[in-house]
Amino acid sequence: RQGFVSILAAEQTPGSNEWFQGTADAVRQSLRHLGNTAYKDILILSGDQLYSMDYRLMQRHHIETDADITIASIPVTADDASGFGILKTSDDEVISEFYEKPDRSDLDGKDSHVSQEMLDQDRVYLASMGIYMFKSSVLAELLGDNPSAHDFGKQIIPTAIQSNRVINYPFTRYWSDIGTIRSFYEANLMLAREEPEFNIYDPNYPLYTNARMLPPAKIQNSQITNSIVAEASVVVDSTISNSVIGLRSFISANTEIRNTVIMGANYYPWQHEEQLSAIEGPPNPGIGEGTIIENAIVDRNASVGRNCVLKNEDGVLEADGDGYYIRDGLIVVPKGGSIPDGTHI
């Protein structure tokens, strides 16, 4: 069986000079790329989530229940329910109501039938995962009949429930929405734990990425615990714990990195191998000598100078600094950013 992935950027078209206005509008404006191919079903996914799912099982459920629309859901507790769209289902998994991020005080009667295991964990509210399978004819009709509806969760799905057969597809494995800085950070550090909730080393769910042809990571006289170090990284005389070090990262000597995500770089801080031992000043991109970083995200192609301390010792929740941000208590060095030597945060 053959297939392909085609990446479509947001675009303006002869029919519309508007950029994508929401999830539903993005699909509406992209349907033209499918041409006249007679697809029976269309699967719509979100890009800012972490999970493993065999979509064939969802499609089988979709076909066997004769659904117009199938929505994947995950059971959550009352504490988490207010952060999601909540589905109300009958015993046969037909979705009868959809509540967009209800307040905790307004959850009465919004629970659904779940397994005994989920019931024992008080996970009785079905949160929409933002994963939808539509009959292609139903999708075209809903998008065409509701041209001002830009969002699936807020507009399309509530409308569809009133007139279409919408079925729940229960999912109970690991799933995380990583659409915020804090959730992205926590999901990455989770992967480095001794027993992570989500296993990226499962041979049944291989990872697919573009081939970069990079060498393995190089570790010199360093102590690394509960961390992931990606290929082509160089770590020299440093201590790293509970962290994720992205590809082509250069970590200079006497550096301490804890509870941090370093996104790595698109290029090395040197052009030729002989320059590796002759780097003068802090690496760019990379982490300079004698620097301490805790509870931070250092984005792609960023550099942090020598003898810096990035710890947010004052516990600031939100701030904009010179070359950095603090969001939800986390220090963020943006893509391509630069922190000067001796900076203390």
# chains A, B, ... in the order shown; residues from 1 in each chain; ligands from 1
$ residues_around --residues "Ala72 of chain A" --least-positions-apart "2" --cutoff "10 Å" --atoms "only C-alpha atoms" --output "VMD selection string"
chain A and resid 58 70 74 87 126 to 133 167 to 171
$ closest_atom_pairs --of "segment 124-171 of chain A" --to "segment 97-113 of chain A" --cutoff "9 Å" --atoms "only C-alpha atoms" --output "CSV"
residue,atom,partner,partner_atom,distance
A:Val124,CA,A:Asp111,CA,5.4
A:Tyr125,CA,A:Asp111,CA,4.7
A:Leu126,CA,A:Ser112,CA,6.8
A:Gly153,CA,A:Glu100,CA,7.2
A:Lys154,CA,A:Glu100,CA,6.5
A:Ile157,CA,A:Phe98,CA,7.6
A:Pro158,CA,A:Phe98,CA,5.9
A:Ile161,CA,A:Glu97,CA,7.0
A:Gln162,CA,A:Glu97,CA,8.5
$ residues_around --residues "Ala217 of chain A" --least-positions-apart "3" --cutoff "7 Å" --atoms "only C-alpha atoms" --output "VMD selection string"
chain A and resid 229 to 234
$ closest_residue --among "A:Asp237, A:Glu313, A:Asp54, A:Glu318" --to "Glu289 of chain A" --atoms "only C-alpha atoms"
A:Asp237
$ atom_distance --atom1 "atom CA of Ile200 of chain A" --atom2 "atom CA of Asp177 of chain A"
16.5 Å
$ closest_residue --among "A:Gln220, A:Ser252, A:Asn210, A:Thr65" --to "Arg165 of chain A" --atoms "only C-alpha atoms"
A:Thr65
$ closest_residue --among "A:Ile42, A:Ala211, A:Val333, A:Leu142" --to "Gly321 of chain A" --atoms "only C-alpha atoms"
A:Val333
$ residues_around --residues "segment 17-29 of chain A" --least-positions-apart "6" --cutoff "7 Å" --atoms "only C-alpha atoms" --output "PyMOL selection string"
chain A and resi 10-11+143+150-152
$ closest_residue --among "A:Asn199, A:Ser222, A:Ala265, A:Gly286" --to "Ile251 of chain A" --atoms "only C-alpha atoms"
A:Gly286
$ residues_around --residues "Ala296 of chain A" --least-positions-apart "3" --cutoff "12 Å" --atoms "only C-alpha atoms" --output "PyMOL selection string"
chain A and resi 181-182+184-186+188-189+242-245+257-263+292-293+299+304+309-312+324-334+345
$ write_last_selection --atoms "C-alpha atoms" --output "mmCIF file, in the first residue's frame"
data_model
loop_
_atom_site.group_PDB
_atom_site.id
_atom_site.type_symbol
_atom_site.label_atom_id
_atom_site.label_comp_id
_atom_site.auth_asym_id
_atom_site.auth_seq_id
_atom_site.Cartn_x
_atom_site.Cartn_y
_atom_site.Cartn_z
ATOM 1 C CA ILE A 181 4.037 26.572 26.852
ATOM 2 C CA ARG A 182 3.569 24.799 30.184
ATOM 3 C CA PHE A 184 4.601 21.502 25.947
ATOM 4 C CA TYR A 185 7.343 21.740 28.566
ATOM 5 C CA GLU A 186 5.827 19.128 30.869
ATOM 6 C CA ASN A 188 8.772 16.868 26.884
ATOM 7 C CA LEU A 189 10.211 16.321 30.357
ATOM 8 C CA ASN A 242 15.634 15.722 33.940
ATOM 9 C CA SER A 243 16.072 17.478 30.619
ATOM 10 C CA VAL A 244 15.677 17.096 26.873
ATOM 11 C CA ILE A 245 18.589 18.174 24.682
ATOM 12 C CA ILE A 257 21.137 22.017 33.103
ATOM 13 C CA ARG A 258 18.115 20.863 35.122
ATOM 14 C CA ASN A 259 14.436 20.491 34.228
ATOM 15 C CA THR A 260 15.000 22.170 30.890
ATOM 16 C CA VAL A 261 14.079 21.648 27.243
ATOM 17 C CA ILE A 262 16.769 22.737 24.801
ATOM 18 C CA MET A 263 15.354 22.576 21.287
ATOM 19 C CA ILE A 292 23.314 27.199 35.004
ATOM 20 C CA ILE A 293 19.833 26.711 33.513
ATOM 21 C CA ASP A 299 14.239 27.424 21.551
ATOM 22 C CA VAL A 304 23.063 31.435 26.052
ATOM 23 C CA VAL A 309 22.220 31.860 35.647
ATOM 24 C CA LEU A 310 18.712 31.215 34.320
ATOM 25 C CA LYS A 311 16.688 30.002 37.315
ATOM 26 C CA ASN A 312 13.848 32.481 37.913
ATOM 27 C CA TYR A 324 13.829 36.190 27.068
ATOM 28 C CA TYR A 325 10.287 35.746 28.362
ATOM 29 C CA ILE A 326 8.809 34.218 31.477
ATOM 30 C CA ARG A 327 5.541 32.409 30.926
ATOM 31 C CA ASP A 328 3.743 30.487 33.663
ATOM 32 C CA GLY A 329 6.961 30.592 35.693
ATOM 33 C CA LEU A 330 9.115 29.135 32.895
ATOM 34 C CA ILE A 331 12.009 31.011 31.339
ATOM 35 C CA VAL A 332 11.766 30.974 27.539
ATOM 36 C CA VAL A 333 14.635 31.965 25.251
ATOM 37 C CA PRO A 334 12.956 32.433 21.848
ATOM 38 C CA ILE A 345 17.448 35.807 35.677
#
$ closest_residue --among "A:Thr255, A:Ser115, A:Ser176, A:Thr225" --to "Gly47 of chain A" --atoms "only C-alpha atoms"
A:Ser176
$ closest_residue --among "A:Ile228, A:Asn221, A:Arg60, A:Leu214" --to "Met190 of chain A" --atoms "only C-alpha atoms"
A:Ile228
$ select_by_dssp --residues "segment 118-240 of chain A" --states "strand (DSSP E or B)" --output "PyMOL selection string"
chain A and resi 125-135+166-170+175-177+218-220+223-225+228-229+234-236+239-240
$ residues_around --residues "Val166 of chain A" --least-positions-apart "2" --cutoff "9 Å" --atoms "only C-alpha atoms" --output "list in words"
Ala67, Asp68, Ile69, Thr70, Ile71, Glu93, Val94, Ile95, Ser96, Ile157, Ala160, Ile161, Ser163, Asn164 and Asn168 of chain A
$ write_last_selection --atoms "C-alpha atoms" --output "PDB file, in the first residue's frame"
ATOM      1  CA  ALA A  67     -21.709   7.364  11.876  1.00  0.00           C
ATOM      2  CA  ASP A  68     -21.903  10.599   9.940  1.00  0.00           C
ATOM      3  CA  ILE A  69     -19.246  11.947  12.280  1.00  0.00           C
ATOM      4  CA  THR A  70     -17.062  10.161  14.810  1.00  0.00           C
ATOM      5  CA  ILE A  71     -15.340  12.128  17.588  1.00  0.00           C
ATOM      6  CA  GLU A  93     -22.084   6.020  22.201  1.00  0.00           C
ATOM      7  CA  VAL A  94     -24.383   8.407  20.334  1.00  0.00           C
ATOM      8  CA  ILE A  95     -23.433  11.972  21.233  1.00  0.00           C
ATOM      9  CA  SER A  96     -26.449  14.008  22.250  1.00  0.00           C
ATOM     10  CA  ILE A 157     -19.891  20.044  16.020  1.00  0.00           C
ATOM     11  CA  ALA A 160     -23.960  18.666  13.543  1.00  0.00           C
ATOM     12  CA  ILE A 161     -25.215  16.969  16.697  1.00  0.00           C
ATOM     13  CA  SER A 163     -29.049  16.916  12.611  1.00  0.00           C
ATOM     14  CA  ASN A 164     -26.479  14.141  12.107  1.00  0.00           C
ATOM     15  CA  ASN A 168     -18.165   8.791  20.298  1.00  0.00           C
TER      16      ASN A 168
END
